[in-house]
Amino acid sequence: MYFFQFYSKNALSMKTLKYLITGIAFGIIMFKSEAASWFRIFEMFQFDSFHMYGIIGSALATGVIGIQLIKRLKLKSLSGEEIIIPPKAKGWKNYLFGGILFGLGWGLAGACPGPIFTLIGAGFLPLILVLAFATLGTFVYGVLRPKLPH
Amino acid sequence: MSGNLRIMCAALSGDKACDFFRFDWKAQRWNLVFALGAILGGFVAAEFLSTDTSVVITEGTIEKLTQYGFTDGGTAYLPEKLFSLDALADPYTLLLLAIGGFLVGFGSRYAGGCTSGHAISGLSDFQLPSLIAVIGFFIGGLFMVHVLFPILF
């Protein structure tokens, strides 16, 4: 029944399809650019190669230009809505402490959340365990949140 | 991308445990669809768009990895020592993967984003919090690889 509803609403399914296609493109790029490789992450933290910095840097350059164009030309989304990018909440503790913990995990597991999904699709099954514990980590954060410095 | 972990917590009834997961996650279903796409993209890339998935890292990196017992640098996509199915039979490897995953999930939510949210989207919009988070990513990553790897491996 839900399945039927999902596809009977044309607008919704078109929108869903766009996210799916963008996600597939993202996954292919993560895998083929080797950003999903544990070895590339290790190499990045050794400063032995420009590879990962090139990937992040070119994504960043594209992002900067894109966001400036959106803001200056007041571009609208495909569905005609205004594009608003909410500023991140002020502060530094959660960004620094959370960032450090994330970095420790990134260095050890060699994968950030996007590549975890991509590697599962590529057939590296141990990443299912990594995903399960990443979800658990997020859950524990949610529980401890009131007690943590932000 | 890490927002999906929060959505998954909410969808798995995390809302019963604490306020943080009490939000309209169905409104963010698009993000889960994107993650599903990322999985499919990985499948398509590995199955149909690759002949040799060896990651050709630099010689210097391969040498450093050999010291830690990683012998397949330059000839594989992921190290056997951590990600082969045989390695899963080793409790120590399981523990390392579990800790790594846990830190990724806990840290990214605490920091309010991961590589995609802060290092790419946030920095693109010149947001100071994202710069602080990315500095944190590197402090953590460098500490892991340079200080903890010699102890762990």
# chains A, B, ... in the order shown; residues from 1 in each chain; ligands from 1

call {"tool": "residues_around", "arguments": {"residues": "B:Arg22", "least_positions_apart": "6", "cutoff": "10 Å", "atoms": "only C-alpha atoms", "output": "tab-separated table (two decimals) with all heavy atoms, in the first residue's frame"}}
result
chain	number	residue	atom	x	y	z
B	7	ILE	N	18.91	10.15	11.71
B	7	ILE	CA	17.60	9.75	11.17
B	7	ILE	C	17.36	8.27	11.46
B	7	ILE	O	16.27	7.87	11.86
B	7	ILE	CB	17.54	10.02	9.65
B	7	ILE	CG1	17.67	11.52	9.37
B	7	ILE	CG2	16.25	9.47	9.05
B	7	ILE	CD1	17.82	11.87	7.90
B	9	CYS	N	18.61	6.54	13.93
B	9	CYS	CA	18.32	6.41	15.36
B	9	CYS	C	16.85	6.73	15.63
B	9	CYS	O	16.17	6.02	16.38
B	9	CYS	CB	19.19	7.35	16.19
B	9	CYS	SG	20.89	6.79	16.38
B	10	ALA	N	16.36	7.80	15.01
B	10	ALA	CA	14.97	8.20	15.22
B	10	ALA	C	14.02	7.15	14.65
B	10	ALA	O	13.03	6.77	15.29
B	10	ALA	CB	14.72	9.56	14.58
B	11	ALA	N	14.36	6.65	13.45
B	11	ALA	CA	13.49	5.66	12.81
B	11	ALA	C	13.47	4.35	13.58
B	11	ALA	O	12.49	3.62	13.55
B	11	ALA	CB	13.96	5.42	11.37
B	13	SER	N	13.23	4.01	16.66
B	13	SER	CA	12.56	4.30	17.94
B	13	SER	C	13.45	4.96	18.98
B	13	SER	O	13.18	4.88	20.17
B	13	SER	CB	11.95	3.04	18.57
B	13	SER	OG	11.14	2.39	17.63
B	14	GLY	N	14.53	5.62	18.54
B	14	GLY	CA	15.39	6.36	19.46
B	14	GLY	C	14.64	7.49	20.15
B	14	GLY	O	15.05	7.98	21.20
B	15	ASP	N	13.52	7.92	19.54
B	15	ASP	CA	12.72	9.01	20.12
B	15	ASP	C	12.18	8.64	21.51
B	15	ASP	O	11.87	9.50	22.31
B	15	ASP	CB	11.56	9.40	19.18
B	15	ASP	CG	10.68	8.20	18.85
B	15	ASP	OD1	11.22	7.08	18.74
B	15	ASP	OD2	9.47	8.40	18.68
B	16	LYS	N	12.11	7.33	21.77
B	16	LYS	CA	11.62	6.91	23.09
B	16	LYS	C	12.70	7.10	24.16
B	16	LYS	O	12.41	7.15	25.34
B	16	LYS	CB	11.19	5.44	23.05
B	16	LYS	CG	9.97	5.24	22.15
B	16	LYS	CD	9.33	3.87	22.36
B	16	LYS	CE	8.14	3.70	21.46
B	16	LYS	NZ	8.51	3.14	20.13

call {"tool": "residues_around", "arguments": {"residues": "stretch 78-94 of chain A", "least_positions_apart": "3", "cutoff": "7 Å", "atoms": "only C-alpha atoms", "output": "list in words"}}
result
Phe97, Gly98, Pro149 and His150 of chain A; Tyr110, Ala111, Pro129 and Ile132 of chain B

call {"tool": "residues_around", "arguments": {"residues": "A:Thr16", "least_positions_apart": "2", "cutoff": "9 Å", "atoms": "only C-alpha atoms", "output": "VMD selection string"}}
result
(chain A and resid 11 to 14 18 to 21) or (chain B and resid 29 to 30 33 to 34)

call {"tool": "write_last_selection", "arguments": {"atoms": "N, CA, C and O atoms", "output": "short mmCIF file (atom, residue, chain, number, x, y, z; two decimals), in the first residue's frame"}}
result
data_model
loop_
_atom_site.label_atom_id
_atom_site.label_comp_id
_atom_site.auth_asym_id
_atom_site.auth_seq_id
_atom_site.Cartn_x
_atom_site.Cartn_y
_atom_site.Cartn_z
N ALA A 11 4.91 13.93 -8.16
CA ALA A 11 5.87 14.94 -7.74
C ALA A 11 6.87 14.31 -6.76
O ALA A 11 8.07 14.49 -6.88
N LEU A 12 6.32 13.54 -5.83
CA LEU A 12 7.16 12.93 -4.81
C LEU A 12 8.15 11.95 -5.43
O LEU A 12 9.33 11.97 -5.14
N SER A 13 7.67 11.11 -6.33
CA SER A 13 8.56 10.12 -6.89
C SER A 13 9.63 10.75 -7.77
O SER A 13 10.76 10.28 -7.79
N MET A 14 9.29 11.84 -8.47
CA MET A 14 10.30 12.54 -9.27
C MET A 14 11.39 13.11 -8.38
O MET A 14 12.57 13.01 -8.66
N LYS A 18 15.39 12.07 -8.09
CA LYS A 18 16.53 13.01 -8.20
C LYS A 18 17.54 12.79 -7.08
O LYS A 18 18.74 12.80 -7.31
N TYR A 19 17.03 12.58 -5.86
CA TYR A 19 17.94 12.32 -4.74
C TYR A 19 18.66 11.00 -4.93
O TYR A 19 19.84 10.87 -4.61
N LEU A 20 17.95 10.02 -5.47
CA LEU A 20 18.54 8.70 -5.68
C LEU A 20 19.67 8.80 -6.71
O LEU A 20 20.77 8.28 -6.50
N ILE A 21 19.40 9.50 -7.79
CA ILE A 21 20.41 9.62 -8.86
C ILE A 21 21.62 10.41 -8.36
O ILE A 21 22.77 10.04 -8.62
N ARG B 29 13.45 12.15 4.78
CA ARG B 29 13.61 10.87 4.08
C ARG B 29 14.47 11.02 2.83
O ARG B 29 15.13 10.08 2.42
N TRP B 30 14.47 12.23 2.24
CA TRP B 30 15.29 12.47 1.05
C TRP B 30 16.76 12.12 1.32
O TRP B 30 17.46 11.62 0.45
N VAL B 33 17.28 8.50 1.10
CA VAL B 33 17.27 8.11 -0.32
C VAL B 33 18.65 8.38 -0.93
O VAL B 33 19.19 7.57 -1.69
N PHE B 34 19.25 9.51 -0.53
CA PHE B 34 20.59 9.85 -1.00
C PHE B 34 21.61 8.79 -0.54
O PHE B 34 22.46 8.35 -1.32
#

call {"tool": "closest_residue", "arguments": {"among": "A:Leu101, A:Leu73, A:Val143, A:Leu131", "to": "B:Met144", "atoms": "only C-alpha atoms"}}
result
A:Leu101

call {"tool": "residues_around", "arguments": {"residues": "B:Ser116", "least_positions_apart": "5", "cutoff": "9 Å", "atoms": "only C-alpha atoms", "output": "PyMOL selection string"}}
result
(chain A and resi 112-114) or (chain B and resi 1-2+121-122)

call {"tool": "residues_around", "arguments": {"residues": "A:Glu34", "least_positions_apart": "4", "cutoff": "9 Å", "atoms": "only C-alpha atoms", "output": "PyMOL selection string"}}
result
(chain A and resi 29-30+38-40+51-52) or (chain B and resi 53+55+77)

call {"tool": "residues_around", "arguments": {"residues": "A:Leu119", "least_positions_apart": "2", "cutoff": "12 Å", "atoms": "only C-alpha atoms", "output": "PDB file with C-alpha atoms, in the first residue's frame"}}
result
ATOM      1  CA  GLY A  27      28.721   6.886  -4.482  1.00  0.00           C
ATOM      2  CA  ILE A  28      30.420   6.290  -7.831  1.00  0.00           C
ATOM      3  CA  ILE A  29      32.614   9.371  -7.327  1.00  0.00           C
ATOM      4  CA  MET A  30      33.503   8.390  -3.745  1.00  0.00           C
ATOM      5  CA  PHE A  31      34.585   4.933  -4.904  1.00  0.00           C
ATOM      6  CA  LYS A  32      36.320   5.851  -8.144  1.00  0.00           C
ATOM      7  CA  GLU A  34      39.416   6.511  -4.003  1.00  0.00           C
ATOM      8  CA  ALA A  35      38.158   8.886  -1.285  1.00  0.00           C
ATOM      9  CA  ALA A  36      36.508   5.750   0.143  1.00  0.00           C
ATOM     10  CA  SER A  37      39.865   3.978   0.462  1.00  0.00           C
ATOM     11  CA  TRP A  38      41.323   3.518   3.947  1.00  0.00           C
ATOM     12  CA  ALA A 109      38.201   3.189  10.386  1.00  0.00           C
ATOM     13  CA  GLY A 110      39.476   5.161   7.386  1.00  0.00           C
ATOM     14  CA  ALA A 111      35.968   6.064   6.331  1.00  0.00           C
ATOM     15  CA  CYS A 112      33.613   8.942   7.045  1.00  0.00           C
ATOM     16  CA  PRO A 113      29.820   8.381   6.872  1.00  0.00           C
ATOM     17  CA  GLY A 114      29.424   8.783   3.066  1.00  0.00           C
ATOM     18  CA  PRO A 115      32.093   6.227   2.135  1.00  0.00           C
ATOM     19  CA  ILE A 116      30.792   3.818   4.801  1.00  0.00           C
ATOM     20  CA  PHE A 117      27.579   3.521   2.752  1.00  0.00           C
ATOM     21  CA  GLY A 121      27.507  -1.280  -1.694  1.00  0.00           C
ATOM     22  CA  ALA A 122      30.921  -2.158  -3.107  1.00  0.00           C
ATOM     23  CA  GLY A 123      30.751  -5.415  -1.157  1.00  0.00           C
ATOM     24  CA  PHE A 124      33.043  -4.739   1.809  1.00  0.00           C
ATOM     25  CA  LEU A 125      30.796  -6.321   4.418  1.00  0.00           C
ATOM     26  CA  PRO A 126      32.835  -5.444   7.563  1.00  0.00           C
ATOM     27  CA  LEU A 127      31.663  -1.871   6.974  1.00  0.00           C
ATOM     28  CA  ILE A 128      28.190  -2.984   8.083  1.00  0.00           C
ATOM     29  CA  LEU A 129      29.715  -3.395  11.549  1.00  0.00           C
ATOM     30  CA  VAL A 130      31.269   0.081  11.293  1.00  0.00           C
ATOM     31  CA  LEU A 131      27.892   1.526  10.280  1.00  0.00           C
TER      32      LEU A 131
ATOM     33  CA  ALA B  35      22.399   7.347   1.274  1.00  0.00           C
ATOM     34  CA  LEU B  36      20.679   4.480  -0.534  1.00  0.00           C
ATOM     35  CA  ALA B  38      25.502   6.144  -2.251  1.00  0.00           C
ATOM     36  CA  ILE B  39      25.255   2.390  -1.555  1.00  0.00           C
ATOM     37  CA  LEU B  40      24.032   1.662  -5.091  1.00  0.00           C
ATOM     38  CA  GLY B  41      26.755   3.921  -6.500  1.00  0.00           C
ATOM     39  CA  GLY B  42      29.385   1.891  -4.643  1.00  0.00           C
ATOM     40  CA  PHE B  43      27.942  -1.301  -6.139  1.00  0.00           C
ATOM     41  CA  VAL B  44      27.842   0.120  -9.671  1.00  0.00           C
ATOM     42  CA  ALA B  45      31.392   1.515  -9.387  1.00  0.00           C
ATOM     43  CA  ALA B  46      32.887  -1.714  -8.009  1.00  0.00           C
ATOM     44  CA  GLU B  47      30.954  -4.136 -10.252  1.00  0.00           C
ATOM     45  CA  TYR B  77      41.342  -0.960  -2.082  1.00  0.00           C
ATOM     46  CA  LEU B  78      41.099  -1.624   1.662  1.00  0.00           C
ATOM     47  CA  PHE B  83      38.461  -5.420   6.315  1.00  0.00           C
TER      48      PHE B  83
END

call {"tool": "atom_distance", "arguments": {"atom1": "atom CA of B:Ile139", "atom2": "atom CA of A:Phe47"}}
result
13.5 Å

call {"tool": "select_by_dssp", "arguments": {"residues": "chain A", "states": "alpha helix (DSSP H)", "output": "ChimeraX atom specification"}}
result
/A:2-8,10-32,38-45,51-72,93-109,113-121,126-144

call {"tool": "closest_residue", "arguments": {"among": "B:Ala27, B:Phe102, B:Pro150, B:Gly113", "to": "chain A", "atoms": "only C-alpha atoms"}}
result
B:Phe102

call {"tool": "atom_distance", "arguments": {"atom1": "atom CA of B:His146", "atom2": "atom CA of A:Gly105"}}
result
13.6 Å

call {"tool": "decode", "arguments": {"residues": "stretch 73-103 of chain B", "atoms": "N, CA, C and O atoms", "output": "short mmCIF file (atom, residue, chain, number, x, y, z; two decimals), in the first residue's frame"}}
result
data_model
loop_
_atom_site.label_atom_id
_atom_site.label_comp_id
_atom_site.auth_asym_id
_atom_site.auth_seq_id
_atom_site.Cartn_x
_atom_site.Cartn_y
_atom_site.Cartn_z
N GLY B 73 49.53 -2.52 0.99
CA GLY B 73 49.49 -1.14 0.50
C GLY B 73 49.88 -1.09 -0.98
O GLY B 73 50.87 -1.69 -1.37
N GLY B 74 49.07 -0.40 -1.80
CA GLY B 74 49.37 -0.29 -3.22
C GLY B 74 48.77 -1.41 -4.06
O GLY B 74 48.77 -1.33 -5.28
N THR B 75 48.25 -2.46 -3.40
CA THR B 75 47.70 -3.58 -4.19
C THR B 75 46.24 -3.90 -3.86
O THR B 75 45.68 -4.86 -4.37
N ALA B 76 45.62 -3.10 -2.98
CA ALA B 76 44.23 -3.38 -2.62
C ALA B 76 43.46 -2.08 -2.44
O ALA B 76 44.07 -1.00 -2.43
N TYR B 77 42.15 -2.17 -2.31
CA TYR B 77 41.34 -0.96 -2.08
C TYR B 77 41.27 -0.66 -0.59
O TYR B 77 41.35 0.48 -0.16
N LEU B 78 41.10 -1.74 0.21
CA LEU B 78 41.10 -1.62 1.66
C LEU B 78 42.08 -2.65 2.22
O LEU B 78 42.28 -3.70 1.59
N PRO B 79 42.69 -2.39 3.37
CA PRO B 79 43.63 -3.36 3.94
C PRO B 79 42.94 -4.63 4.43
O PRO B 79 41.94 -4.57 5.14
N GLU B 80 43.51 -5.78 4.03
CA GLU B 80 43.02 -7.09 4.47
C GLU B 80 43.00 -7.20 5.99
O GLU B 80 42.09 -7.78 6.57
N LYS B 81 44.03 -6.63 6.61
CA LYS B 81 44.23 -6.73 8.05
C LYS B 81 43.00 -6.25 8.84
O LYS B 81 42.75 -6.71 9.94
N LEU B 82 42.27 -5.29 8.26
CA LEU B 82 41.09 -4.76 8.96
C LEU B 82 39.77 -5.16 8.32
O LEU B 82 38.76 -5.28 8.99
N PHE B 83 39.75 -5.33 6.99
CA PHE B 83 38.46 -5.42 6.31
C PHE B 83 38.21 -6.71 5.54
O PHE B 83 37.26 -6.79 4.78
N SER B 84 39.07 -7.73 5.70
CA SER B 84 38.76 -9.00 5.04
C SER B 84 37.78 -9.76 5.93
O SER B 84 37.69 -9.49 7.13
N LEU B 85 37.07 -10.69 5.35
CA LEU B 85 36.11 -11.46 6.14
C LEU B 85 36.83 -12.31 7.18
O LEU B 85 36.32 -12.54 8.27
N ASP B 86 38.06 -12.74 6.85
CA ASP B 86 38.85 -13.51 7.81
C ASP B 86 39.18 -12.67 9.04
O ASP B 86 39.17 -13.15 10.16
N ALA B 87 39.48 -11.38 8.78
CA ALA B 87 39.85 -10.49 9.87
C ALA B 87 38.71 -10.36 10.87
O ALA B 87 38.92 -10.09 12.05
N LEU B 88 37.48 -10.56 10.38
CA LEU B 88 36.31 -10.45 11.26
C LEU B 88 36.28 -11.54 12.33
O LEU B 88 35.57 -11.43 13.32
N ALA B 89 37.06 -12.60 12.11
CA ALA B 89 37.10 -13.68 13.10
C ALA B 89 38.00 -13.30 14.27
O ALA B 89 38.01 -13.97 15.30
N ASP B 90 38.75 -12.21 14.10
CA ASP B 90 39.68 -11.78 15.14
C ASP B 90 39.02 -10.73 16.04
O ASP B 90 38.66 -9.66 15.59
N PRO B 91 38.85 -11.05 17.33
CA PRO B 91 38.15 -10.13 18.24
C PRO B 91 38.81 -8.74 18.30
O PRO B 91 38.12 -7.73 18.44
N TYR B 92 40.14 -8.70 18.19
CA TYR B 92 40.84 -7.42 18.26
C TYR B 92 40.47 -6.51 17.07
O TYR B 92 40.22 -5.33 17.24
N THR B 93 40.39 -7.13 15.89
CA THR B 93 40.00 -6.37 14.70
C THR B 93 38.56 -5.87 14.84
O THR B 93 38.26 -4.72 14.51
N LEU B 94 37.68 -6.75 15.32
CA LEU B 94 36.29 -6.36 15.54
C LEU B 94 36.21 -5.16 16.47
O LEU B 94 35.46 -4.21 16.23
N LEU B 95 37.03 -5.21 17.53
CA LEU B 95 37.04 -4.13 18.52
C LEU B 95 37.49 -2.82 17.86
O LEU B 95 36.87 -1.76 18.08
N LEU B 96 38.53 -2.88 17.04
CA LEU B 96 39.03 -1.67 16.38
C LEU B 96 37.97 -1.07 15.45
O LEU B 96 37.74 0.14 15.45
N LEU B 97 37.32 -1.94 14.66
CA LEU B 97 36.28 -1.45 13.75
C LEU B 97 35.11 -0.85 14.52
O LEU B 97 34.55 0.19 14.13
N ALA B 98 34.76 -1.50 15.63
CA ALA B 98 33.64 -1.01 16.44
C ALA B 98 33.98 0.35 17.06
O ALA B 98 33.17 1.28 17.02
N ILE B 99 35.20 0.49 17.58
CA ILE B 99 35.61 1.76 18.19
C ILE B 99 35.67 2.85 17.11
O ILE B 99 35.18 3.96 17.31
N GLY B 100 36.25 2.51 15.97
CA GLY B 100 36.33 3.48 14.88
C GLY B 100 34.95 3.96 14.46
O GLY B 100 34.70 5.16 14.34
N GLY B 101 34.03 3.03 14.26
CA GLY B 101 32.67 3.39 13.87
C GLY B 101 31.99 4.23 14.93
O GLY B 101 31.37 5.25 14.65
N PHE B 102 32.14 3.81 16.19
CA PHE B 102 31.51 4.53 17.30
C PHE B 102 31.98 5.98 17.33
O PHE B 102 31.18 6.91 17.46
N LEU B 103 33.30 6.18 17.20
CA LEU B 103 33.86 7.55 17.24
C LEU B 103 33.35 8.38 16.06
O LEU B 103 33.05 9.57 16.22
#
